[in-house]
Amino acid sequence: MSVLEVSDLTFGYGDRPVLEGVSLTVEPGAFLGLVGPNGSGKTTLLELLIGLRRPDSGSVRLFGSPAHEFADGERVGYVAQDDAGAGDSMSVTVAEAVRMGRYPRRLRGRFTDDDRRAVDDALERVGIADLAERRVGRLSGGQRQRVFIARALAAEADLLALDEPTVGVDAESRTAFYDLLDSLNDEGLTVVLVEHDIGVVTARATEIACLNRRLYFHGDPETFVETDALAEAYGTDRRVVSHGH
Amino acid sequence: MVATTALVTLVELQLLADGPASARDWFLDDAYGVAMDALADLLGFDVLGSPFMQRAYLAAVCIGVIGPVVGSFLVHREMGMIGDTLAHAAFAGVAVGLFVNATFAFSVSPFLTALAVAVVAAVVVQTLVERLGLYTDTSLAIVLTGGFAVGSVLVTATDGGIAVGINAYLFGSLATVSRGNVGVLLALTALVVAVVALAYRPLLYATFDETAARAAGIDVTRYNYVLVVLTALVVVGAMQIMGVVLVAAMLVVPVATASSVRGFKRSVAAAVLAGQVATVAGATLSYQYGVAAGGTIVLVAIGCYVATSIGIRVRRRATRAWQRAVRGT
């Protein structure tokens, strides 16, 4: 079964169309990089993929069921940009944040040995076990993004969705972060990454979707760099803008 | 679902307030009262021996628990203002109660009409935010001023009689804590603590990272409703002592005092501790010097906040200086 099946997806905010006729399929174990110019609908597509929004028309199937009705929350891990609004001022520790990964399975009641083991393993896997008692809000951007990866691992998620996770993270931590994503993907975790840095995506992803309202390209990175999908996607954007003025 | 629960709760509370309140009376007279009398003898504080102050202290302890417990989830969503909004809506509820009592033959407790109006207002505010996408500040301002406007019109619609009663609700007072009200407050406290204990994980997840909580399949919308209704209960429960104008402080100030504690669960416990210091010390000082209870409690709470902030800063500076000195040698 495919992880994601998107067919003829259309979505808009009010009268403003954001996505038109997008179709794509993501198989288990894929590392999909979503690229496109600013305002091209990347983030909106990601939100539709994990069921945070409902399509205007067309469909998004997540593990075989409509994404906006998808009930097995623990199968999807989500990592946003590191602006961490509320989380920053809260006194939540790294351990507490990673424990949240178990919440979809255990909304109340005591944590079992399995829950605790999953949390410990996740902390260990992303290399933040020594930070467990630190406050999430006091960590560097790179460390904080590892916490959110650990939360998804604690959930034993099958799909990791990331929205420009390394904006504002220093170059060294970025490389380490993407190395981690790579090795998690090698272990079988399906990854969907929204990223503005095309270099990162072509180097790391196993497939690329290039988006600007419509889907301009979906295929492997080698083909992507040979076609002019990128120029077309970005070029159209410029033409639309110049028409608007 | 929320509305039904609220209605059932309201009926139960009405029973508690004026029904066969033998359990309440047993608790107040034979359990809590006896214990407090013994404490008064032991410590030599006559204050603790009077049933009036015993009730006030019990109410103070309840307020010091439920305010910070619910506030811990509100403050970090920048929803601190919702307490103030619901308090002003509750004021309209008080006015409705007093108006009905003054105008019609039957009588209702203004406390309970306040509870009903505040819960409805909480649901309305949350619906405005969720459904219409109305900017939160705007919807809060509409409900806040609207509630107060209804209240002020109703107060002046009768011939002055109820304006006297309204003062106690506006600024709070220890004297208004009747047996019935303390029974309702105890029930509210039990209800609020139980709901937060049951919904702790989804509330925490939704507060910490709302989008991820939604992605994880948690019904964030439902828990947002739970949180605003809890806030309405806290506000009305605390209103008699704190007053409409100041009640929101108990949701915010103790939480701010405890914000440097590491770990969310521990910070909630610390906020409750800060809340207890503020309410118990505030009620004592208010009684001792005959000044407004709500104001005194808020001033003690803010005093704790300032003292804690300075303490932390001094300690941090001392640690840094010490580290420099060690490195220097």
# chains A, B, ... in the order shown; residues from 1 in each chain; ligands from 1
call {"tool": "residues_around", "arguments": {"residues": "segment 77-89 of chain B", "least_positions_apart": "3", "cutoff": "8 Å", "atoms": "only C-alpha atoms", "output": "number ranges by chain"}}
result
A: 86; B: 71, 73-74, 92-93, 114, 117-118, 121-122, 140-141, 143-148, 207, 228, 231-232, 235-236, 239, 244-248, 251-252
call {"tool": "select_by_dssp", "arguments": {"residues": "chain A", "states": "strand (DSSP E or B)", "output": "ChimeraX atom specification"}}
result
/A:4-13,16-26,31-35,57-62,65-66,76-79,93,135,159-163,190-194,207-212,214-219
call {"tool": "closest_atom_pairs", "arguments": {"of": "chain A", "to": "chain B", "cutoff": "8 Å", "atoms": "only C-alpha atoms", "output": "Markdown table"}}
result
| residue | atom | partner | partner_atom | distance |
| --- | --- | --- | --- | --- |
| A:Ile50 | CA | B:Ala215 | CA | 6.3 |
| A:Gly51 | CA | B:Ala215 | CA | 7.0 |
| A:Leu52 | CA | B:Ala215 | CA | 6.4 |
| A:Phe70 | CA | B:Gly217 | CA | 7.5 |
| A:Ala71 | CA | B:Gly217 | CA | 6.0 |
| A:Asp72 | CA | B:Gly217 | CA | 6.7 |
| A:Gly73 | CA | B:Ala216 | CA | 3.9 |
| A:Glu74 | CA | B:Ala216 | CA | 5.6 |
| A:Arg75 | CA | B:Ala216 | CA | 7.7 |
| A:Val76 | CA | B:Ala216 | CA | 6.3 |
| A:Gly77 | CA | B:Ala216 | CA | 7.0 |
| A:Tyr78 | CA | B:Ala212 | CA | 5.5 |
| A:Val79 | CA | B:Ala212 | CA | 7.2 |
| A:Ala84 | CA | B:Asp209 | CA | 7.6 |
| A:Ala86 | CA | B:His76 | CA | 5.5 |
| A:Gly87 | CA | B:Phe208 | CA | 4.8 |
| A:Ser89 | CA | B:His76 | CA | 6.8 |
| A:Met90 | CA | B:His76 | CA | 6.5 |
| A:Ser91 | CA | B:Phe264 | CA | 5.0 |
| A:Val92 | CA | B:Phe264 | CA | 4.7 |
| A:Thr93 | CA | B:Gly263 | CA | 5.1 |
| A:Glu96 | CA | B:Gly263 | CA | 7.4 |
| A:Met100 | CA | B:Tyr205 | CA | 6.5 |
| A:Tyr103 | CA | B:Arg201 | CA | 6.6 |
| A:Pro104 | CA | B:Ala216 | CA | 6.3 |
| A:Leu107 | CA | B:Arg201 | CA | 6.1 |
| A:Arg108 | CA | B:Leu198 | CA | 6.5 |
| A:Glu133 | CA | B:Gly263 | CA | 7.8 |
| A:Arg134 | CA | B:Arg262 | CA | 7.5 |
| A:Arg135 | CA | B:Arg262 | CA | 6.4 |
call {"tool": "residues_around", "arguments": {"residues": "Glu5 of chain A", "least_positions_apart": "2", "cutoff": "9 Å", "atoms": "only C-alpha atoms", "output": "PyMOL selection string"}}
result
chain A and resi 2-3+7+23-27+49+59-64
call {"tool": "residues_around", "arguments": {"residues": "Leu188 of chain B", "least_positions_apart": "2", "cutoff": "8 Å", "atoms": "only C-alpha atoms", "output": "NGL selection string"}}
result
:B and (184-186 or 190-192 or 233-234 or 237)
call {"tool": "residues_around", "arguments": {"residues": "Asn212 of chain A", "least_positions_apart": "5", "cutoff": "9 Å", "atoms": "only C-alpha atoms", "output": "PyMOL selection string"}}
result
chain A and resi 18-19+35-42+233-234+236-237
